[in-house]
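K.L.:
Contents of input03.txt (compact mmCIF, C-alpha atoms and all ligand atoms):
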# COMPACT_ATOMS: atom_id res chain seq x y z
CA MET A 1 -41.95 -59.33 -61.13
CA GLU A 2 -43.05 -60.24 -57.62
CA THR A 3 -40.38 -59.09 -55.20
CA ALA A 4 -38.23 -56.00 -54.76
CA VAL A 5 -35.18 -55.96 -52.50
CA VAL A 6 -34.38 -52.43 -51.32
CA LEU A 7 -30.89 -51.70 -50.00
CA LEU A 8 -31.01 -48.74 -47.62
CA ASN A 9 -28.29 -46.36 -46.51
CA PHE A 10 -27.65 -42.90 -45.13
CA GLY A 11 -26.56 -41.22 -48.38
CA GLU A 12 -24.06 -38.41 -48.87
CA PRO A 13 -23.78 -35.67 -51.49
CA SER A 14 -21.67 -36.70 -54.49
CA GLU A 15 -20.79 -33.03 -55.16
CA PRO A 16 -19.85 -30.24 -52.74
CA ASP A 17 -22.92 -28.11 -53.57
CA ARG A 18 -24.03 -25.73 -50.76
CA ASP A 19 -27.79 -25.98 -51.38
CA VAL A 20 -27.67 -29.77 -51.61
CA VAL A 21 -25.54 -30.10 -48.46
CA LEU A 22 -27.82 -27.69 -46.54
CA GLU A 23 -30.92 -29.66 -47.50
CA TYR A 24 -29.14 -32.93 -46.63
CA LEU A 25 -28.19 -31.67 -43.16
CA THR A 26 -31.67 -30.29 -42.50
CA ARG A 27 -33.17 -33.72 -43.24
CA ILE A 28 -30.69 -35.45 -40.89
CA PHE A 29 -31.29 -33.07 -37.99
CA TYR A 30 -35.05 -33.21 -38.44
CA ASP A 31 -35.02 -37.01 -38.50
CA ASN A 32 -33.19 -36.94 -35.15
CA ALA A 33 -35.37 -34.19 -33.65
CA SER A 34 -36.37 -36.48 -30.76
CA LEU A 35 -32.90 -35.86 -29.28
CA GLU A 36 -34.28 -32.53 -28.07
CA ASP A 37 -37.69 -31.56 -26.73
CA ALA A 38 -39.13 -29.20 -29.31
CA GLU A 39 -42.42 -27.51 -28.39
CA SER A 40 -44.00 -28.16 -31.75
CA GLU A 41 -43.45 -29.67 -35.15
CA GLU A 42 -42.68 -26.21 -36.57
CA ALA A 43 -40.17 -25.55 -33.77
CA ALA A 44 -38.42 -28.88 -34.55
CA ARG A 45 -38.23 -27.94 -38.25
CA GLU A 46 -36.86 -24.49 -37.42
CA ARG A 47 -34.27 -25.99 -35.06
CA SER A 48 -33.18 -28.47 -37.78
CA ARG A 49 -32.68 -25.60 -40.22
CA GLU A 50 -30.67 -23.70 -37.60
CA LEU A 51 -28.44 -26.71 -36.83
CA ALA A 52 -27.97 -27.37 -40.54
CA LYS A 53 -26.85 -23.78 -41.24
CA ARG A 54 -24.41 -23.97 -38.35
CA ARG A 55 -22.87 -27.25 -39.52
CA LEU A 56 -22.86 -26.32 -43.24
CA PRO A 57 -19.44 -24.56 -43.53
CA GLY A 58 -17.59 -27.42 -41.82
CA LEU A 59 -19.25 -30.16 -43.85
CA MET A 60 -18.84 -28.20 -47.11
CA GLU A 61 -15.15 -27.98 -46.37
CA GLU A 62 -15.04 -31.77 -45.90
CA TYR A 63 -16.78 -32.47 -49.23
CA GLU A 64 -14.58 -29.90 -51.00
CA GLU A 65 -11.50 -31.69 -49.66
CA ILE A 66 -12.61 -34.99 -51.23
CA GLY A 67 -14.53 -33.61 -54.23
CA GLY A 68 -17.84 -35.03 -52.99
CA SER A 69 -18.63 -38.38 -51.41
CA PRO A 70 -18.17 -41.71 -53.24
CA LEU A 71 -20.89 -43.33 -51.09
CA GLN A 72 -23.64 -43.03 -53.68
CA GLU A 73 -21.52 -44.59 -56.45
CA GLN A 74 -20.43 -47.46 -54.20
CA ALA A 75 -24.00 -48.11 -52.97
CA THR A 76 -25.23 -48.23 -56.59
CA ALA A 77 -22.50 -50.73 -57.47
CA GLN A 78 -23.47 -52.91 -54.46
CA ALA A 79 -27.12 -52.95 -55.59
CA GLU A 80 -26.12 -53.87 -59.15
CA ALA A 81 -23.84 -56.65 -57.93
CA LEU A 82 -26.61 -58.06 -55.72
CA ALA A 83 -29.07 -57.96 -58.66
CA GLU A 84 -26.59 -59.89 -60.80
CA THR A 85 -25.97 -62.48 -58.08
CA LEU A 86 -29.69 -63.03 -57.47
CA ASP A 87 -30.27 -63.32 -61.21
CA ASP A 88 -27.47 -65.91 -61.45
CA ARG A 89 -29.21 -67.85 -58.67
CA GLY A 90 -32.41 -67.88 -60.72
CA HIS A 91 -34.48 -65.40 -58.69
CA ASP A 92 -36.99 -63.17 -60.44
CA VAL A 93 -36.35 -60.08 -58.34
CA SER A 94 -35.53 -56.38 -58.75
CA VAL A 95 -32.96 -54.64 -56.56
CA TYR A 96 -33.25 -50.95 -55.65
CA HIS A 97 -31.20 -48.75 -53.43
CA ALA A 98 -32.65 -45.89 -51.44
CA MET A 99 -31.13 -43.32 -49.11
CA GLN A 100 -32.40 -41.76 -45.90
CA PHE A 101 -31.06 -38.29 -46.64
CA MET A 102 -29.97 -38.06 -50.29
CA GLU A 103 -31.40 -38.99 -53.66
CA PRO A 104 -32.61 -41.59 -54.42
CA LEU A 105 -34.74 -40.69 -51.37
CA ILE A 106 -36.78 -43.40 -49.70
CA PRO A 107 -40.24 -41.89 -50.52
CA ASP A 108 -39.29 -41.58 -54.21
CA VAL A 109 -38.17 -45.20 -54.35
CA ALA A 110 -41.40 -46.21 -52.56
CA LYS A 111 -43.34 -44.55 -55.42
CA GLN A 112 -41.38 -46.59 -57.98
CA LEU A 113 -42.18 -49.78 -56.05
CA ALA A 114 -45.89 -48.90 -55.98
CA GLU A 115 -45.92 -48.09 -59.71
CA ALA A 116 -44.28 -51.42 -60.50
CA GLU A 117 -46.83 -53.14 -58.18
CA PHE A 118 -44.37 -55.47 -56.47
CA GLU A 119 -46.24 -57.99 -54.37
CA SER A 120 -43.54 -58.05 -51.73
CA VAL A 121 -40.80 -55.68 -50.59
CA LEU A 122 -37.76 -56.68 -48.55
CA ALA A 123 -35.70 -53.88 -46.97
CA VAL A 124 -32.03 -54.46 -46.13
CA PRO A 125 -30.05 -51.58 -44.60
CA ILE A 126 -26.36 -51.61 -45.55
CA TYR A 127 -25.24 -50.58 -42.09
CA PRO A 128 -23.02 -53.28 -40.65
CA LEU A 129 -24.13 -52.61 -37.05
CA CYS A 130 -27.82 -51.99 -36.35
CA GLY A 131 -28.67 -48.60 -34.81
CA PRO A 132 -31.90 -46.68 -34.17
CA SER A 133 -31.05 -43.60 -36.29
CA THR A 134 -29.76 -45.73 -39.15
CA SER A 135 -31.05 -49.30 -39.79
CA VAL A 136 -34.27 -48.95 -37.81
CA ALA A 137 -35.07 -45.38 -38.94
CA ALA A 138 -34.40 -46.29 -42.59
CA ILE A 139 -36.79 -49.26 -42.47
CA ASP A 140 -39.42 -47.17 -40.62
CA ALA A 141 -39.12 -44.53 -43.34
CA LEU A 142 -39.63 -47.04 -46.15
CA GLU A 143 -42.60 -48.70 -44.49
CA ALA A 144 -44.19 -45.30 -43.73
CA ALA A 145 -43.66 -44.11 -47.32
CA ILE A 146 -45.30 -47.29 -48.64
CA ASP A 147 -48.26 -46.84 -46.25
CA ASP A 148 -48.69 -43.21 -47.34
CA LEU A 149 -49.19 -44.41 -50.90
CA ALA A 150 -51.95 -46.78 -49.80
CA TYR A 151 -49.87 -49.49 -51.46
CA ASP A 152 -49.98 -52.77 -49.55
CA PRO A 153 -47.18 -55.18 -50.46
CA GLU A 154 -46.03 -57.89 -48.09
CA PHE A 155 -43.27 -56.02 -46.21
CA ALA A 156 -40.26 -57.59 -44.50
CA SER A 157 -36.89 -56.29 -43.41
CA ILE A 158 -33.53 -57.41 -42.02
CA THR A 159 -31.88 -55.19 -39.42
CA GLY A 160 -28.77 -56.68 -37.78
CA TRP A 161 -26.59 -58.92 -39.96
CA HIS A 162 -23.03 -58.34 -38.71
CA ARG A 163 -22.88 -61.87 -37.25
CA THR A 164 -22.79 -63.55 -40.66
CA PRO A 165 -19.53 -65.53 -40.85
CA THR A 166 -18.78 -64.22 -44.37
CA TYR A 167 -19.02 -60.62 -43.18
CA ASN A 168 -16.57 -61.22 -40.35
CA ARG A 169 -14.23 -63.00 -42.78
CA ILE A 170 -14.43 -60.12 -45.29
CA ARG A 171 -13.52 -57.54 -42.64
CA ALA A 172 -10.83 -59.68 -41.02
CA GLU A 173 -9.18 -60.41 -44.37
CA ALA A 174 -9.35 -56.73 -45.38
CA ILE A 175 -7.34 -55.95 -42.23
CA ARG A 176 -4.87 -58.80 -42.80
CA GLU A 177 -4.31 -57.90 -46.47
CA PHE A 178 -3.86 -54.22 -45.68
CA VAL A 179 -1.28 -54.72 -42.94
CA ALA A 180 0.58 -57.25 -45.11
CA GLU A 181 0.72 -54.73 -48.00
CA GLU A 182 1.96 -52.02 -45.63
CA GLY A 183 4.53 -54.35 -44.05
CA ILE A 184 3.00 -53.94 -40.58
CA ASP A 185 3.32 -56.61 -37.90
CA LEU A 186 0.25 -56.48 -35.64
CA ALA A 187 2.16 -58.37 -32.92
CA ASP A 188 4.83 -55.64 -32.77
CA PRO A 189 4.44 -53.75 -29.43
CA ASP A 190 5.04 -50.52 -31.39
CA THR A 191 1.87 -51.14 -33.42
CA ALA A 192 -1.41 -50.05 -31.79
CA PHE A 193 -4.82 -51.01 -33.19
CA VAL A 194 -8.04 -49.00 -33.01
CA PHE A 195 -11.51 -50.06 -34.11
CA SER A 196 -13.31 -46.84 -35.02
CA ALA A 197 -17.12 -46.90 -35.06
CA HIS A 198 -19.62 -44.17 -35.86
CA GLY A 199 -20.85 -42.90 -32.49
CA THR A 200 -24.44 -42.56 -31.35
CA PRO A 201 -26.18 -40.23 -28.86
CA THR A 202 -26.33 -42.02 -25.48
CA LYS A 203 -30.06 -41.15 -25.35
CA TYR A 204 -30.62 -43.80 -28.02
CA LEU A 205 -28.78 -46.37 -25.89
CA GLU A 206 -30.82 -45.40 -22.82
CA GLU A 207 -33.95 -45.96 -24.92
CA GLY A 208 -32.86 -49.56 -25.55
CA SER A 209 -30.46 -49.65 -28.51
CA ARG A 210 -27.71 -52.26 -28.10
CA TYR A 211 -25.45 -50.57 -30.67
CA ASP A 212 -22.46 -50.14 -28.31
CA GLY A 213 -22.69 -53.84 -27.44
CA TYR A 214 -22.62 -54.75 -31.14
CA VAL A 215 -19.54 -52.57 -31.60
CA GLU A 216 -17.76 -54.28 -28.68
CA GLY A 217 -18.81 -57.79 -29.70
CA HIS A 218 -17.85 -57.34 -33.34
CA ALA A 219 -14.46 -55.81 -32.43
CA ASP A 220 -13.83 -58.76 -30.12
CA ALA A 221 -14.72 -61.29 -32.86
CA LEU A 222 -12.50 -59.58 -35.46
CA ALA A 223 -9.62 -59.31 -33.00
CA ASN A 224 -9.90 -63.04 -32.31
CA ILE A 225 -10.02 -63.93 -36.01
CA ILE A 226 -6.89 -61.91 -36.81
CA GLY A 227 -5.12 -62.91 -33.58
CA LEU A 228 -4.97 -59.42 -32.11
CA GLU A 229 -4.32 -59.43 -28.38
CA GLU A 230 -4.70 -55.74 -27.63
CA TYR A 231 -6.87 -53.11 -29.24
CA GLU A 232 -8.85 -49.96 -28.46
CA ILE A 233 -12.34 -48.89 -29.52
CA GLY A 234 -13.14 -45.28 -30.39
CA TYR A 235 -16.32 -43.54 -31.58
CA GLN A 236 -16.65 -40.88 -34.29
CA ASN A 237 -19.22 -38.48 -32.87
CA HIS A 238 -21.15 -35.50 -34.29
CA GLU A 239 -21.58 -33.21 -31.32
CA ASN A 240 -23.83 -30.50 -32.74
CA ARG A 241 -26.62 -30.35 -30.17
CA GLY A 242 -24.78 -30.26 -26.87
CA ILE A 243 -25.96 -33.78 -26.02
CA GLU A 244 -23.95 -36.76 -24.78
CA TRP A 245 -22.53 -39.25 -27.32
CA THR A 246 -20.72 -42.58 -26.97
CA GLU A 247 -17.24 -42.42 -25.44
CA PRO A 248 -14.29 -42.54 -25.88
CA GLU A 249 -13.87 -40.52 -29.05
CA THR A 250 -11.51 -41.99 -31.64
CA GLU A 251 -9.33 -38.87 -31.66
CA ASP A 252 -8.87 -39.02 -27.87
CA VAL A 253 -7.99 -42.71 -28.09
CA VAL A 254 -5.34 -42.01 -30.72
CA GLU A 255 -3.91 -39.05 -28.79
CA GLU A 256 -3.58 -41.25 -25.70
CA LEU A 257 -1.58 -43.78 -27.72
CA GLY A 258 1.10 -41.19 -28.44
CA GLY A 259 4.34 -42.21 -26.73
CA GLU A 260 3.12 -45.80 -26.32
CA ALA A 261 3.55 -46.91 -29.95
CA GLU A 262 5.12 -45.78 -33.22
CA ARG A 263 2.15 -46.44 -35.43
CA VAL A 264 -1.59 -47.01 -35.23
CA VAL A 265 -3.80 -49.09 -37.50
CA VAL A 266 -7.41 -47.85 -37.67
CA GLU A 267 -10.26 -50.12 -38.81
CA PRO A 268 -13.46 -48.15 -39.71
CA MET A 269 -15.69 -50.99 -38.49
CA SER A 270 -19.13 -49.39 -38.85
CA PHE A 271 -18.88 -48.32 -42.48
CA MET A 272 -19.56 -50.32 -45.62
CA HIS A 273 -18.75 -47.43 -47.99
CA GLU A 274 -15.96 -44.91 -48.19
CA GLN A 275 -17.40 -41.56 -47.17
CA SER A 276 -16.51 -38.32 -45.37
CA GLU A 277 -16.17 -40.21 -42.06
CA THR A 278 -13.37 -42.33 -43.52
CA LEU A 279 -11.82 -40.07 -46.18
CA VAL A 280 -11.84 -36.85 -44.13
CA GLU A 281 -12.36 -37.65 -40.44
CA LEU A 282 -9.85 -40.54 -40.46
CA ASP A 283 -7.53 -40.01 -43.43
CA ILE A 284 -7.05 -36.26 -42.98
CA ASP A 285 -8.15 -35.09 -39.51
CA LEU A 286 -7.15 -38.16 -37.48
CA GLU A 287 -3.93 -38.51 -39.43
CA GLU A 288 -3.01 -34.97 -38.28
CA ASP A 289 -3.92 -35.81 -34.67
CA ALA A 290 -1.79 -38.95 -34.84
CA ASP A 291 1.11 -37.09 -36.39
CA ALA A 292 0.97 -34.48 -33.62
CA VAL A 293 1.65 -37.21 -31.03
CA GLY A 294 4.32 -38.94 -33.12
CA LEU A 295 2.24 -41.78 -34.54
CA ASP A 296 2.05 -42.94 -38.16
CA LEU A 297 -1.56 -43.68 -39.01
CA TYR A 298 -2.64 -46.53 -41.29
CA ARG A 299 -6.35 -46.72 -42.12
CA VAL A 300 -7.81 -50.02 -43.34
CA PRO A 301 -9.86 -49.50 -46.56
CA VAL A 302 -13.60 -50.27 -46.38
CA PRO A 303 -14.20 -53.56 -48.29
CA HIS A 304 -17.23 -52.07 -50.11
CA ASP A 305 -16.49 -53.95 -53.35
CA ASP A 306 -15.37 -57.26 -51.88
CA PRO A 307 -16.60 -59.89 -54.38
CA ARG A 308 -18.06 -61.95 -51.50
CA PHE A 309 -20.37 -59.15 -50.33
CA PRO A 310 -23.13 -59.62 -52.96
CA GLY A 311 -23.20 -63.35 -52.14
CA LEU A 312 -23.49 -62.57 -48.42
CA LEU A 313 -26.49 -60.30 -49.10
CA ALA A 314 -28.01 -62.87 -51.45
CA ASP A 315 -27.73 -65.52 -48.72
CA LEU A 316 -29.49 -63.19 -46.27
CA VAL A 317 -32.44 -62.56 -48.58
CA GLU A 318 -32.67 -66.17 -49.84
CA PRO A 319 -35.33 -67.36 -47.31
CA PHE A 320 -37.63 -64.50 -48.36
CA LEU A 321 -37.21 -65.26 -52.07
CA SER A 322 -37.26 -69.04 -51.87
CA GLY A 323 -40.09 -69.25 -49.36
CA PHE A 324 -38.50 -70.94 -46.35
CA GLU A 325 -38.53 -69.74 -42.76
CA PRO A 326 -35.92 -67.00 -42.06
CA ASP A 327 -35.15 -68.59 -38.67
CA TYR A 328 -33.60 -71.52 -40.54
CA TYR A 329 -30.76 -69.02 -41.21
CA GLN A 330 -30.85 -67.70 -37.62
CA LEU A 331 -32.90 -64.65 -38.63
CA ARG A 332 -35.37 -64.00 -35.80
CA GLN A 333 -37.89 -61.34 -34.83
CA CYS A 334 -35.83 -58.17 -34.27
CA GLN A 335 -35.93 -56.64 -30.80
CA CYS A 336 -34.71 -53.19 -31.87
CA ARG A 337 -37.63 -52.87 -34.27
CA ASP A 338 -40.46 -54.75 -32.71
CA GLU A 339 -42.65 -54.93 -35.83
CA PRO A 340 -43.76 -58.22 -37.38
CA GLY A 341 -41.65 -59.20 -40.38
CA THR A 342 -38.49 -57.49 -39.06
CA TYR A 343 -35.68 -60.01 -38.80
CA CYS A 344 -32.30 -59.85 -37.15
CA MET A 345 -29.34 -62.05 -36.27
CA ASN A 346 -28.92 -60.39 -32.85
CA ALA A 347 -32.38 -61.17 -31.50
CA GLY A 348 -32.62 -63.02 -28.21
CA LEU A 349 -28.86 -62.98 -27.71
CA PRO A 350 -26.61 -60.77 -25.62
CA PRO A 351 -25.24 -57.90 -27.78
CA GLN A 352 -21.97 -59.56 -28.79
C1 LIG B 1 -25.08 -45.69 -35.26
C2 LIG B 1 -25.08 -44.45 -35.53
C3 LIG B 1 -24.81 -43.83 -36.83
C4 LIG B 1 -24.24 -44.34 -37.99
C5 LIG B 1 -23.74 -45.73 -38.26
C6 LIG B 1 -24.23 -43.27 -38.94
C7 LIG B 1 -23.75 -43.37 -40.25
C8 LIG B 1 -23.53 -42.30 -41.08
N1 LIG B 1 -23.56 -40.97 -40.76
C9 LIG B 1 -23.24 -40.23 -41.85
C10 LIG B 1 -23.14 -38.83 -41.93
C11 LIG B 1 -23.68 -37.95 -40.99
N2 LIG B 1 -24.29 -38.30 -39.80
C12 LIG B 1 -24.78 -37.18 -39.23
C13 LIG B 1 -25.53 -37.11 -38.08
C14 LIG B 1 -25.90 -38.21 -37.30
N3 LIG B 1 -25.42 -39.48 -37.40
C15 LIG B 1 -25.98 -40.26 -36.41
C16 LIG B 1 -25.74 -41.60 -36.16
C17 LIG B 1 -25.14 -42.46 -37.08
N4 LIG B 1 -24.77 -42.16 -38.36
C18 LIG B 1 -26.87 -39.41 -35.65
C19 LIG B 1 -27.68 -39.86 -34.48
C20 LIG B 1 -26.83 -38.15 -36.23
C21 LIG B 1 -27.68 -36.95 -35.86
C22 LIG B 1 -27.06 -36.03 -34.94
C23 LIG B 1 -28.02 -34.94 -34.53
O1 LIG B 1 -29.16 -34.90 -34.99
O2 LIG B 1 -27.59 -34.13 -33.72
C24 LIG B 1 -24.44 -36.04 -40.05
C25 LIG B 1 -24.82 -34.60 -39.81
C26 LIG B 1 -24.19 -34.02 -38.63
C27 LIG B 1 -22.74 -33.74 -38.69
O3 LIG B 1 -22.04 -34.04 -39.66
O4 LIG B 1 -22.26 -33.16 -37.74
C28 LIG B 1 -23.76 -36.52 -41.15
C29 LIG B 1 -23.24 -35.73 -42.31
C30 LIG B 1 -23.01 -41.12 -42.93
C31 LIG B 1 -22.66 -40.70 -44.35
C32 LIG B 1 -23.20 -42.39 -42.46
C33 LIG B 1 -23.09 -43.59 -43.31
C34 LIG B 1 -23.14 -44.83 -43.01
FE FE B 2 -24.03 -40.14 -38.84
Go ahead and render the structure in this file as structure tokens.
Ligand SMILES: C=CC1=C(C)c2cc3[nH]c(cc4nc(cc5[nH]c(cc1n2)c(C)c5CCC(=O)O)C(CCC(=O)O)=C4C)c(C)c3C=C
Ligand SMILES: [Fe+2]

P.N.:
Amino acid sequence: METAVVLLNFGEPSEPDRDVVLEYLTRIFYDNASLEDAESEEAARERSRELAKRRLPGLMEEYEEIGGSPLQEQATAQAEALAETLDDRGHDVSVYHAMQFMEPLIPDVAKQLAEAEFESVLAVPIYPLCGPSTSVAAIDALEAAIDDLAYDPEFASITGWHRTPTYNRIRAEAIREFVAEEGIDLADPDTAFVFSAHGTPTKYLEEGSRYDGYVEGHADALANIIGLEEYEIGYQNHENRGIEWTEPETEDVVEELGGEAERVVVEPMSFMHEQSETLVELDIDLEEDADAVGLDLYRVPVPHDDPRFPGLLADLVEPFLSGFEPDYYQLRQCQCRDEPGTYCMNAGLPPQ
């Protein structure tokens, strides 16, 4: 076997177990330690533990409400579906999935790759919109784990892929099908529409990330495909460190819509799995906020198991498996991760 494709994601605990959730949070905060100026490595680790303990009760409550996150199960199914599609296309390739903050952890998967002696490794983060703490950090972590093992495969990665036509079609049709099932008319002035994206600390944008531009451009494309004339964008933030995050917050956007419409449709545009951000933050917490201002909330399901998704991913990795230049498919040297072999569909273009 020559090539391994590794799908990367954030990860979330499948069970509401306190020790597991504490460890998970500590890893996340430590990975984002650059958001604060710690005096030393030990101080950054201590601060991560402190932030994790503080956040633990709230996040435990969220996982208890949903009985653990389905993210892991859905990510496994996506990897299996991609493996099957690539096999059907005649590629001799293995597909793995690895998580930044939950098992299967990236360093453990790197060990499996080294043991199997793959000659080349291709990393593909399953984050629809490329961000520094997600797509870029996940690829960095895999490459660093491989280097630590003194294992030297040919390494390539794909960061931003939200511009693929199939992806836009999948999301647009998920919205259309959902509103049709619910009997909602998007042209009705009493129906408001909100694209909700995971937020990011503004420090990452100041350092060069174009994430907010991708959010705006993708929302604009989807709105055009489904013929939506008016919409709002909101961000789901995690304000644990007293630092600035992207604005406006989704909950503020929804509260502002009270009195202007009877219902609001919310599209969780930056997620490719159901998880606490969709099942708790939107379905429970935001639903309550909407209800308090007299709005009925309708949340579009994440199309994590759309049968076209494995084919979309297979198309993306095809140049690397079949040996033709990735730029033939508009994949160019990524600007967010300026390392050779990192490809992206956003490179050299304005964010949208
Ligand atoms: C573009 C930005 C981000 C995306 C997309 C994203 C996805 C994502 N996040 C979770 C779950 C958590 N994220 C948490 C913290 C966190 N998330 C981001 C950015 C994105 N996450 C940052 C920069 C941080 C760190 C914040 C800090 O260090 O202060 C956390 C822990 C904190 C909390 O809940 O309050 C969780 C949990 C998932 C599952 C996910 C999946 C795609
Ligand atoms: Fe997050």

K.L.:
Could you tell me how far CA of Ser133 in chain A sits from CA of Ala114 in chain A, in Å to one decimal place?

P.N.:
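CA of Ser133 in chain A lies at a distance of 25.2 Å from CA of Ala114 in chain A.
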
K.L.:
Take every atom of ligand LIG 1 (chain B) listed in the file, fit an axis-aligned box around them, add 3 Å per side, and give the centre and edge lengths in Å to one decimal as JSON.

P.N.:
{"center_x": -25.6, "center_y": -39.4, "center_z": -39.0, "size_x": 13.1, "size_y": 18.6, "size_z": 16.6}

K.L.:
Please, which residues have at least one atom within 8 Å of an atom of ligand LIG 1 (chain B), using all atoms listed in the file, listed as an MDAnalysis selection string?

P.N.:
chainID A and resid 9:12 24:25 28:33 35 52 55 59 71 126:134 197:201 211 237:241 243 270:273 275:277

K.L.:
Give the answer as one residue: which of A:Phe178, A:Tyr63, A:Trp245, A:Phe195 has the shortest atom-to-atom distance to ligand FE 2 (chain B), using only C-alpha atoms and all ligand atoms?

P.N.:
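Checking each candidate against ligand FE 2 (chain B), we get A:Trp245 as the closest.
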
K.L.:
Figure out the distance between CA of Glu173 in chain A and CA of Ile225 in chain A, please, to one decimal in Å.

P.N.:
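These two atoms are separated by 9.1 Å.
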
K.L.:
I need the residue nearest Glu288 in chain A from this list: A:Ile146, A:Ile233, A:Met269, A:Val254. Use only C-alpha atoms for the distance.

P.N.:
A:Val254

K.L.:
Could you tell me which of A:Ser120, A:Gln335, A:Thr191, A:Asn224 comes closest to Arg210 in chain A if we count only C-alpha atoms?

P.N.:
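Smallest separation from Arg210 in chain A among the options: A:Gln335.
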
K.L.:
Find, counting all atoms listed in the file, the residue in A:Arg27, A:Val264, A:Tyr167, A:Val293 that gets nearest to Arg47 in chain A.

P.N.:
A:Arg27

K.L.:
Taking into account only C-alpha atoms and all ligand atoms, which residue in the set A:Leu56, A:Leu286, A:Gln236, A:Glu84 is nearest to ligand FE 2 (chain B)?

P.N.:
A:Gln236

K.L.:
With all atoms listed in the file as the basis for distance, which of A:Tyr328, A:Tyr214, A:Phe309, A:Tyr231 is at the shortest distance from Asn346 in chain A?

P.N.:
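So, comparing all the options, the nearest one is A:Tyr214.
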
K.L.:
Could you please determine the separation between CA of Tyr204 in chain A and CA of Cys334 in chain A in Å, to one decimal place?

P.N.:
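These two atoms are separated by 16.5 Å.
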
K.L.:
Fewer than 4 positions away in the same chain doesn't count, so skip those; otherwise give me all residues within 8 Å of Ala290 in chain A, counting all atoms listed in the file, as a PyMOL selection string.

P.N.:
chain A and resi 254-255+258+286+294-297

K.L.:
Using all atoms listed in the file, can you list as a tab-separated table (two decimals) with C-alpha atoms, keeping the file's coordinate frame the residues within 9 Å of (-13.8, -39.4, -28.7)?

P.N.:
chain	number	residue	atom	x	y	z
A	199	GLY	CA	-20.85	-42.90	-32.49
A	234	GLY	CA	-13.14	-45.28	-30.39
A	235	TYR	CA	-16.32	-43.54	-31.58
A	236	GLN	CA	-16.65	-40.88	-34.29
A	237	ASN	CA	-19.22	-38.48	-32.87
A	245	TRP	CA	-22.53	-39.25	-27.32
A	246	THR	CA	-20.72	-42.58	-26.97
A	247	GLU	CA	-17.24	-42.42	-25.44
A	248	PRO	CA	-14.29	-42.54	-25.88
A	249	GLU	CA	-13.87	-40.52	-29.05
A	250	THR	CA	-11.51	-41.99	-31.64
A	251	GLU	CA	-9.33	-38.87	-31.66
A	252	ASP	CA	-8.87	-39.02	-27.87
A	253	VAL	CA	-7.99	-42.71	-28.09

K.L.:
Got a sec: who's within 8 Å of range 217-222 of chain A, counting all atoms listed in the file, leaving out chain neighbours fewer than 6 positions off, as a PyMOL selection string?

P.N.:
chain A and resi 162-163+168+171-172+195+233+269+351-352

K.L.:
Write out as a list in words each polymer residue whose atoms come within 7 Å of Val6 in chain A, counting only C-alpha atoms; drop sequence neighbours fewer than 4 positions from it.

P.N.:
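Answer for this query is Val95, Tyr96, His97, Ala98, Leu122, Ala123 and Val124 of chain A.
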